[in-house]
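Structure file my_file_31.tsv with TSV, C-alpha atoms and all ligand atoms:
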```
chain	number	residue	atom	x	y	z
A	1	MET	CA	-18.11	-23.43	8.96
A	2	TRP	CA	-20.48	-24.96	11.53
A	3	ILE	CA	-19.86	-23.97	15.10
A	4	PHE	CA	-21.39	-25.26	18.28
A	5	ALA	CA	-23.70	-22.68	19.85
A	6	ILE	CA	-25.68	-24.24	22.67
A	7	THR	CA	-27.24	-27.52	23.75
A	8	GLU	CA	-30.90	-27.68	22.86
A	9	ASN	CA	-32.29	-27.93	26.36
A	10	GLU	CA	-30.12	-25.13	27.69
A	11	ILE	CA	-32.55	-22.62	26.23
A	12	LYS	CA	-36.19	-22.46	27.25
A	13	GLU	CA	-39.21	-21.72	25.08
A	14	ASP	CA	-39.71	-17.97	24.52
A	15	SER	CA	-36.35	-17.09	25.95
A	16	MET	CA	-33.09	-15.76	24.54
A	17	SER	CA	-29.49	-16.60	25.02
A	18	MET	CA	-26.37	-14.77	23.92
A	19	VAL	CA	-23.49	-16.76	22.49
A	20	PHE	CA	-20.22	-15.68	20.92
A	21	PRO	CA	-19.07	-18.24	18.37
A	22	LYS	CA	-15.72	-17.04	17.02
A	23	GLY	CA	-16.32	-13.87	18.95
A	24	LEU	CA	-19.45	-12.95	17.00
A	25	PRO	CA	-22.37	-11.62	19.03
A	26	VAL	CA	-25.19	-14.04	18.23
A	27	LEU	CA	-28.58	-14.14	19.86
A	28	LEU	CA	-30.43	-17.44	20.07
A	29	ILE	CA	-34.17	-17.40	20.53
A	30	LYS	CA	-36.42	-20.38	21.09
A	31	LYS	CA	-39.89	-20.02	19.67
A	32	ALA	CA	-42.45	-22.78	19.15
A	33	GLY	CA	-39.73	-25.35	19.74
A	34	GLU	CA	-37.52	-23.89	17.02
A	35	ILE	CA	-34.25	-22.13	17.80
A	36	TYR	CA	-33.51	-19.02	15.74
A	37	ALA	CA	-30.09	-17.40	15.51
A	38	ILE	CA	-29.73	-13.70	14.71
A	39	SER	CA	-27.10	-11.04	15.12
A	40	ASN	CA	-27.30	-9.48	18.56
A	41	LYS	CA	-26.64	-6.02	17.13
A	42	CYS	CA	-29.41	-3.69	16.03
A	43	ALA	CA	-28.85	-2.37	12.49
A	44	HIS	CA	-29.50	1.16	13.69
A	45	MET	CA	-26.90	1.93	16.35
A	46	ALA	CA	-25.63	-1.52	17.23
A	47	CYS	CA	-27.50	-1.81	20.53
A	48	ALA	CA	-27.68	-5.33	21.95
A	49	LEU	CA	-31.02	-6.87	21.03
A	50	ALA	CA	-30.67	-9.29	23.94
A	51	GLY	CA	-31.95	-6.52	26.21
A	52	GLY	CA	-35.07	-6.12	24.10
A	53	THR	CA	-38.49	-7.68	24.21
A	54	LEU	CA	-39.92	-10.58	22.28
A	55	ASP	CA	-43.48	-10.60	21.01
A	56	GLY	CA	-44.34	-13.53	18.79
A	57	TYR	CA	-41.64	-13.62	16.12
A	58	THR	CA	-40.84	-9.94	16.63
A	59	ILE	CA	-37.95	-8.67	18.68
A	60	GLU	CA	-37.88	-5.02	19.70
A	61	CYS	CA	-34.60	-3.26	20.34
A	62	PRO	CA	-34.41	-1.68	23.80
A	63	CYS	CA	-32.70	1.48	22.53
A	64	HIS	CA	-35.09	3.00	19.99
A	65	ASP	CA	-37.76	0.33	19.55
A	66	TRP	CA	-36.67	-0.94	16.11
A	67	LYS	CA	-38.48	-4.20	15.44
A	68	TYR	CA	-37.19	-7.25	13.58
A	69	ASP	CA	-38.62	-10.57	12.45
A	70	ILE	CA	-36.43	-13.20	14.11
A	71	ARG	CA	-37.04	-15.64	11.22
A	72	THR	CA	-35.76	-13.37	8.44
A	73	GLY	CA	-33.83	-10.64	10.24
A	74	GLU	CA	-35.94	-8.04	8.44
A	75	PHE	CA	-36.54	-4.67	10.04
A	76	LEU	CA	-40.32	-4.37	10.04
A	77	ASP	CA	-40.50	-0.71	9.00
A	78	ALA	CA	-38.14	-1.08	6.03
A	79	LYS	CA	-37.45	-4.58	4.80
A	80	GLU	CA	-34.33	-3.47	2.92
A	81	ILE	CA	-32.65	-3.24	6.30
A	82	LYS	CA	-31.73	-6.59	7.76
A	83	ILE	CA	-29.76	-8.01	10.58
A	84	GLN	CA	-27.82	-11.17	9.93
A	85	VAL	CA	-29.64	-14.46	10.47
A	86	TYR	CA	-27.59	-17.61	10.84
A	87	GLU	CA	-28.35	-21.04	9.48
A	88	ARG	CA	-28.52	-23.59	12.22
A	89	LYS	CA	-28.80	-27.34	12.58
A	90	LEU	CA	-29.54	-29.71	15.38
A	91	THR	CA	-27.31	-32.72	15.89
A	92	ASP	CA	-27.44	-34.95	18.96
A	93	GLY	CA	-29.21	-32.28	20.99
A	94	GLU	CA	-26.65	-29.67	20.07
A	95	ILE	CA	-27.37	-26.53	18.09
A	96	HIS	CA	-24.71	-25.55	15.58
A	97	ILE	CA	-24.77	-22.38	13.56
A	98	LYS	CA	-23.13	-21.62	10.29
A	99	ILE	CA	-20.57	-18.84	10.30
A	100	GLU	CA	-18.98	-17.53	7.14
A	101	GLU	CA	-15.22	-17.41	7.25
A	102	GLU	CA	-15.03	-13.63	6.77
A	103	VAL	CA	-18.05	-12.17	8.44
A	104	GLY	CA	-18.05	-8.45	8.72
A	105	TRP	CA	-20.80	-7.06	10.81
B	1	MET	CA	-47.74	45.20	7.43
B	2	VAL	CA	-48.72	41.58	7.74
B	3	LYS	CA	-47.78	39.95	11.03
B	4	VAL	CA	-45.14	37.23	10.95
B	5	PHE	CA	-44.75	34.72	13.75
B	6	MET	CA	-42.88	31.43	13.84
B	7	TYR	CA	-42.22	28.41	15.98
B	8	THR	CA	-38.67	27.17	15.56
B	9	LEU	CA	-36.10	24.84	17.09
B	10	SER	CA	-32.73	26.09	18.29
B	11	THR	CA	-31.11	23.08	16.58
B	12	CYS	CA	-32.69	23.42	13.15
B	13	PRO	CA	-30.70	24.99	10.29
B	14	TRP	CA	-33.82	25.68	8.19
B	15	CYS	CA	-35.27	27.66	11.07
B	16	ARG	CA	-32.15	29.83	10.95
B	17	LYS	CA	-32.48	30.27	7.21
B	18	THR	CA	-36.11	31.23	7.66
B	19	LYS	CA	-35.24	33.92	10.18
B	20	GLN	CA	-32.50	35.15	7.89
B	21	PHE	CA	-34.96	35.41	5.01
B	22	PHE	CA	-37.18	37.80	6.94
B	23	ARG	CA	-34.21	39.78	8.29
B	24	ASP	CA	-32.86	40.20	4.77
B	25	LYS	CA	-36.20	41.60	3.68
B	26	ASN	CA	-36.40	43.87	6.73
B	27	ILE	CA	-39.63	42.26	7.78
B	28	PRO	CA	-40.09	42.19	11.54
B	29	PHE	CA	-41.11	38.85	13.05
B	30	GLU	CA	-41.47	37.10	16.36
B	31	PHE	CA	-40.37	33.58	17.12
B	32	VAL	CA	-40.44	31.02	19.90
B	33	ASP	CA	-37.94	28.16	20.08
B	34	TYR	CA	-40.10	25.15	20.94
B	35	ASP	CA	-37.24	23.09	22.34
B	36	LEU	CA	-36.27	25.77	24.82
B	37	GLN	CA	-39.74	26.03	26.37
B	38	SER	CA	-41.06	24.33	29.50
B	39	GLU	CA	-42.98	21.09	29.02
B	40	GLU	CA	-46.18	22.89	29.81
B	41	GLU	CA	-45.52	25.52	27.18
B	42	GLN	CA	-44.54	22.82	24.68
B	43	GLU	CA	-47.89	21.09	25.14
B	44	LYS	CA	-49.67	24.33	24.32
B	45	ILE	CA	-47.58	24.92	21.22
B	46	MET	CA	-48.12	21.35	20.06
B	47	GLU	CA	-51.83	21.73	20.48
B	48	GLU	CA	-51.78	24.97	18.52
B	49	MET	CA	-49.67	23.51	15.72
B	50	SER	CA	-51.97	20.54	15.26
B	51	ARG	CA	-55.07	22.73	15.47
B	52	LEU	CA	-53.69	24.92	12.69
B	53	GLY	CA	-53.26	21.92	10.50
B	54	SER	CA	-49.71	20.68	10.81
B	55	GLY	CA	-49.93	16.94	11.07
B	56	SER	CA	-46.43	16.62	12.44
B	57	MET	CA	-43.86	18.21	14.70
B	58	ALA	CA	-41.85	19.51	11.77
B	59	PHE	CA	-40.19	22.91	12.10
B	60	PRO	CA	-40.08	25.76	11.15
B	61	PHE	CA	-43.77	26.51	11.52
B	62	VAL	CA	-44.34	29.95	10.05
B	63	ARG	CA	-47.46	32.05	10.29
B	64	ILE	CA	-47.76	34.93	7.84
B	65	GLY	CA	-50.99	36.77	8.51
B	66	ASN	CA	-53.53	33.97	8.62
B	67	SER	CA	-51.57	31.59	6.45
B	68	ILE	CA	-49.35	28.78	7.67
B	69	VAL	CA	-46.19	27.60	5.95
B	70	VAL	CA	-44.43	24.55	7.34
B	71	GLY	CA	-40.81	24.34	6.24
B	72	TYR	CA	-38.29	26.73	4.73
B	73	ASN	CA	-39.97	27.85	1.54
B	74	PRO	CA	-38.82	31.29	0.35
B	75	GLU	CA	-41.08	31.24	-2.71
B	76	LYS	CA	-44.14	30.72	-0.56
B	77	TYR	CA	-43.08	33.34	1.96
B	78	SER	CA	-42.63	35.84	-0.86
B	79	ASP	CA	-46.02	35.03	-2.34
B	80	LEU	CA	-47.75	35.51	0.98
B	81	LEU	CA	-45.87	38.74	1.63
B	82	GLY	CA	-46.84	40.01	-1.79
B	83	LEU	CA	-43.18	40.39	-2.72
B	84	ASN	CA	-43.68	38.77	-6.10
B	85	LYS	CA	-46.29	41.27	-7.24
B	86	GLY	CA	-45.43	42.98	-10.46
B	87	LYS	CA	-42.74	40.44	-11.22
B	88	LYS	CA	-43.04	37.71	-13.83
C	1	MET	CA	-17.02	12.31	24.49
C	2	ASN	CA	-15.29	14.41	21.90
C	3	VAL	CA	-17.85	15.99	19.57
C	4	GLU	CA	-15.87	15.50	16.37
C	5	SER	CA	-15.27	11.81	16.97
C	6	ARG	CA	-18.90	11.23	17.87
C	7	LYS	CA	-19.97	12.98	14.66
C	8	LYS	CA	-17.74	10.60	12.75
C	9	ALA	CA	-19.17	7.62	14.59
C	10	LEU	CA	-22.76	8.65	13.87
C	11	ARG	CA	-21.87	9.17	10.23
C	12	TYR	CA	-20.45	5.68	10.05
C	13	LEU	CA	-23.44	4.08	11.78
C	14	PHE	CA	-26.08	5.97	9.80
C	15	GLN	CA	-24.43	5.42	6.43
C	16	LYS	CA	-25.17	1.71	6.83
C	17	VAL	CA	-28.83	2.41	7.55
C	18	ILE	CA	-29.54	4.90	4.76
C	19	ASP	CA	-27.69	3.13	1.96
C	20	PRO	CA	-30.14	0.22	1.53
C	21	LEU	CA	-32.98	2.76	1.63
C	22	GLY	CA	-31.65	4.58	-1.43
C	23	TYR	CA	-30.32	7.63	0.37
C	24	LYS	CA	-26.91	9.24	0.81
C	25	PHE	CA	-25.52	12.06	2.92
C	26	SER	CA	-26.28	15.41	1.31
C	27	PRO	CA	-23.48	16.81	-0.86
C	28	ASP	CA	-23.94	20.02	1.17
C	29	GLU	CA	-21.07	19.29	3.55
C	30	GLU	CA	-21.63	22.39	5.63
C	31	LEU	CA	-25.22	21.40	6.31
C	32	VAL	CA	-24.23	17.82	7.09
C	33	ASP	CA	-21.61	18.96	9.56
C	34	PHE	CA	-24.02	21.35	11.26
C	35	LEU	CA	-26.77	18.74	11.57
C	36	LEU	CA	-24.49	16.01	12.89
C	37	GLU	CA	-23.19	18.45	15.47
C	38	GLN	CA	-26.75	19.20	16.59
C	39	GLU	CA	-27.44	15.49	16.85
C	40	VAL	CA	-24.40	15.03	19.07
C	41	VAL	CA	-25.72	17.86	21.26
C	42	LEU	CA	-29.17	16.24	21.39
C	43	GLU	CA	-27.60	12.88	22.14
C	44	LYS	CA	-25.71	14.42	25.05
C	45	LYS	CA	-28.89	15.90	26.41
C	46	HIS	CA	-31.30	12.99	25.87
C	47	GLY	CA	-29.04	9.99	25.33
C	48	ILE	CA	-30.52	9.66	21.84
C	49	PRO	CA	-29.58	11.41	18.56
C	50	PHE	CA	-32.99	12.93	17.91
C	51	CYS	CA	-33.90	14.93	14.83
C	52	PRO	CA	-32.70	18.55	14.97
C	53	CYS	CA	-35.67	19.71	12.85
C	54	GLN	CA	-38.60	17.93	14.50
C	55	GLY	CA	-39.97	18.54	17.97
C	56	LEU	CA	-40.04	16.07	20.83
C	57	THR	CA	-43.25	15.35	22.67
C	58	ARG	CA	-43.99	13.45	25.85
C	59	LYS	CA	-44.92	10.33	23.92
C	60	ARG	CA	-42.13	7.80	23.54
C	61	GLU	CA	-43.90	6.21	20.61
C	62	ASP	CA	-43.82	9.48	18.67
C	63	ASN	CA	-40.31	10.39	19.75
C	64	MET	CA	-38.93	7.06	18.54
C	65	LYS	CA	-40.09	8.01	15.05
C	66	ILE	CA	-37.77	11.00	15.02
C	67	VAL	CA	-34.51	9.33	15.98
C	68	CYS	CA	-32.01	9.82	13.19
C	69	PRO	CA	-32.19	8.36	10.55
C	70	CYS	CA	-35.97	8.54	10.74
C	71	ILE	CA	-36.43	7.70	7.04
C	72	PRO	CA	-38.14	4.31	7.66
C	73	PHE	CA	-40.96	6.05	9.51
C	74	HIS	CA	-41.44	8.83	6.97
C	75	ARG	CA	-40.71	6.98	3.78
C	76	GLU	CA	-43.62	8.17	1.68
C	77	HIS	CA	-42.97	11.78	2.66
C	78	PHE	CA	-39.20	11.80	2.14
C	79	ASP	CA	-39.33	9.75	-1.06
C	80	ALA	CA	-41.68	12.37	-2.48
C	81	ILE	CA	-39.40	15.32	-1.67
C	82	LYS	CA	-36.19	13.34	-2.32
C	83	ARG	CA	-34.70	14.37	0.99
C	84	CYS	CA	-35.32	13.86	4.67
C	85	TRP	CA	-36.97	16.71	6.53
C	86	CYS	CA	-33.64	18.14	7.73
C	87	GLY	CA	-31.96	17.56	4.40
C	88	LEU	CA	-29.20	15.56	6.05
C	89	TYR	CA	-29.94	12.77	3.58
C	90	VAL	CA	-31.02	13.00	-0.04
C	91	HIS	CA	-31.92	10.44	-2.68
C	92	LYS	CA	-28.81	8.94	-4.25
C	93	ASP	CA	-29.51	10.61	-7.61
C	94	VAL	CA	-29.61	14.14	-6.16
C	95	THR	CA	-26.62	16.28	-7.13
C	96	ASN	CA	-27.93	19.73	-6.25
C	97	PRO	CA	-29.76	19.68	-2.92
C	98	ASP	CA	-30.54	23.40	-3.22
C	99	GLU	CA	-33.15	22.55	-5.83
C	100	LEU	CA	-35.13	20.49	-3.32
C	101	ARG	CA	-37.86	22.05	-1.22
C	102	GLN	CA	-38.95	21.32	2.31
C	103	ILE	CA	-42.57	20.38	1.66
C	104	PRO	CA	-44.66	19.12	4.58
C	105	PHE	CA	-46.31	15.73	4.31
C	106	SER	CA	-49.79	17.23	4.56
C	107	GLU	CA	-49.24	19.00	1.22
C	108	ILE	CA	-47.93	15.92	-0.49
C	109	LYS	CA	-50.98	13.93	0.45
C	110	ARG	CA	-53.19	16.61	-1.04
C	111	GLY	CA	-51.29	16.09	-4.25
D	1	LIG	S1	-35.30	14.33	9.23
D	1	LIG	FE1	-33.29	13.67	8.54
D	1	LIG	S2	-31.84	14.44	10.05
D	1	LIG	FE2	-33.88	14.54	10.96
D	1	LIG	S3	-33.99	12.57	12.05
D	1	LIG	FE3	-34.94	12.29	10.07
D	1	LIG	S4	-33.31	11.46	8.85
D	1	LIG	FE4	-32.32	12.37	10.62
```

Is it possible to express this structure as structure tokens?
Ligand code: SF4
Amino acid sequence: MWIFAITENEIKEDSMSMVFPKGLPVLLIKKAGEIYAISNKCAHMACALAGGTLDGYTIECPCHDWKYDIRTGEFLDAKEIKIQVYERKLTDGEIHIKIEEEVGW
Amino acid sequence: MVKVFMYTLSTCPWCRKTKQFFRDKNIPFEFVDYDLQSEEEQEKIMEEMSRLGSGSMAFPFVRIGNSIVVGYNPEKYSDLLGLNKGKK
Amino acid sequence: MNVESRKKALRYLFQKVIDPLGYKFSPDEELVDFLLEQEVVLEKKHGIPFCPCQGLTRKREDNMKIVCPCIPFHREHFDAIKRCWCGLYVHKDVTNPDELRQIPFSEIKRG
């Protein structure tokens, strides 16, 4: 199901914004004009990635420095570990993201 | 008798097993728990460990005479102590 | 926080990390319980569940490589000995952890 997340110009280049569609912690990141949507929870100990730092397409968790590619959700030191990335689409200046009906974390 | 010295951590089960190994064999040894030392002392130990060839901060770090064994390895300890002589 | 419940919580969190890496908790329950307890103690002291079998230094960069589960940062080493340094985790196919040895990485590289 597609859910409204944010209006496109509400989020600035190179910045992040937390949203909670259906209560899910989702982190939106605008990079090179594109808005990426990833889970806001680190795969390690569920720390909020929103408090981390962004370097290119890499986000670093503030707790123990685990790094992820915001495009794929892959943990850089072991690609088998992934955080959820959400499909998104832009319609009329609004970003919608796709949420599965039964998303566990 | 060959001198036995080890760096250990108070939290590490293999360090306990290592100490137990030497106690069971009635071999006297000395040890220092790295995590219970002052920062200054820790720096010195770290320096010594890397100088003696351990590329990591893995414990236990056991010195038997002039040989170093990193990790709980009873076979190696026995070899270095000459406990396997005559056997096999 | 209650130690037992925190041990359970860490177990739950770490299971999700180690599973995709091909590891499981050691069948040696006594060892697992002891190690998790030490991690809870370390977490109380430092705010982070550091490794009970590796030493902390003053460098954050190094210390972050020994937060449990540290498997991603020591993959080549642990894959070779089929267990993590502490033995908290073993390869999924391991049934008797007592057969595994704690071999340092420096000796593995030498072959
Ligand atoms: S060696 Fe094992 S117990 Fe220690 S931090 Fe790494 S994964 Fe955890």

Using 7 Å as the limit and counting all atoms listed in the file, can you tabulate each residue of chain C that touches ligand LIG 1 (chain D), with its shortest atom-to-atom distance in Å and the two atoms involved, as JSON lines?
```
{"residue": "C:Leu35", "atom": "CA", "partner": "D:LIG1", "partner_atom": "S2", "distance": 6.8}
{"residue": "C:Phe50", "atom": "CA", "partner": "D:LIG1", "partner_atom": "S3", "distance": 6.0}
{"residue": "C:Cys51", "atom": "CA", "partner": "D:LIG1", "partner_atom": "S3", "distance": 3.6}
{"residue": "C:Pro52", "atom": "CA", "partner": "D:LIG1", "partner_atom": "FE2", "distance": 5.8}
{"residue": "C:Cys53", "atom": "CA", "partner": "D:LIG1", "partner_atom": "FE2", "distance": 5.8}
{"residue": "C:Gln54", "atom": "CA", "partner": "D:LIG1", "partner_atom": "FE2", "distance": 6.8}
{"residue": "C:Ile66", "atom": "CA", "partner": "D:LIG1", "partner_atom": "S3", "distance": 5.1}
{"residue": "C:Val67", "atom": "CA", "partner": "D:LIG1", "partner_atom": "S3", "distance": 5.1}
{"residue": "C:Cys68", "atom": "CA", "partner": "D:LIG1", "partner_atom": "S3", "distance": 3.6}
{"residue": "C:Pro69", "atom": "CA", "partner": "D:LIG1", "partner_atom": "S4", "distance": 3.7}
{"residue": "C:Cys70", "atom": "CA", "partner": "D:LIG1", "partner_atom": "FE3", "distance": 3.9}
{"residue": "C:Ile71", "atom": "CA", "partner": "D:LIG1", "partner_atom": "S4", "distance": 5.2}
{"residue": "C:Cys84", "atom": "CA", "partner": "D:LIG1", "partner_atom": "FE1", "distance": 4.4}
{"residue": "C:Trp85", "atom": "CA", "partner": "D:LIG1", "partner_atom": "S1", "distance": 4.0}
{"residue": "C:Cys86", "atom": "CA", "partner": "D:LIG1", "partner_atom": "S1", "distance": 4.4}
{"residue": "C:Gly87", "atom": "CA", "partner": "D:LIG1", "partner_atom": "FE1", "distance": 5.8}
{"residue": "C:Leu88", "atom": "CA", "partner": "D:LIG1", "partner_atom": "S2", "distance": 4.9}
{"residue": "C:Tyr89", "atom": "CA", "partner": "D:LIG1", "partner_atom": "FE1", "distance": 6.1}
```

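The interatomic distance for the pair CA of Phe22 in chain B and CA of Asp28 in chain C works out to 22.9 Å.
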
With a distance threshold of 7 Å and counting all atoms listed in the file, extract the residues of chain A near chain C and express them as a VMD selection string.
-> chain A and resid 43 to 45 64 to 65 77 to 78 80 to 81

Pick out the residues sitting within 9 Å of range 96-100 of chain C, and hand them over as a ChimeraX atom specification; count only C-alpha atoms, and ignore anything fewer than 6 positions along from it in its own chain.
-> /C:26-28,81-83,87,90

How far is it from CA of Tyr68 in chain A to CA of Ile11 in chain A, in Å with one decimal?
-> 20.4 Å

Kindly determine which residues of chain C lie within 7 Å of chain B, considering all atoms listed in the file, and give the answer as a list in words.
-> Gln38, Pro52, Cys53, Gln54, Gly55, Arg101, Gln102, Ile103, Pro104 and Ser106 of chain C

Specify the axis-aligned box that encloses all atoms of range 1-15 of chain A listed in the file after padding of 5 Å on each side, stating its centre and edge lengths in Å to one decimal as AutoDock Vina command-line options.
```
--center_x -28.9 --center_y -22.5 --center_z 18.3 --size_x 31.6 --size_y 20.8 --size_z 28.7
```

Straight-line distance linking CA of Val2 in chain B with CA of Ile68 in chain B, stated in Å to one decimal |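 So the two atoms, CA of Val2 in chain B and CA of Ile68 in chain B, lie 12.8 Å apart.
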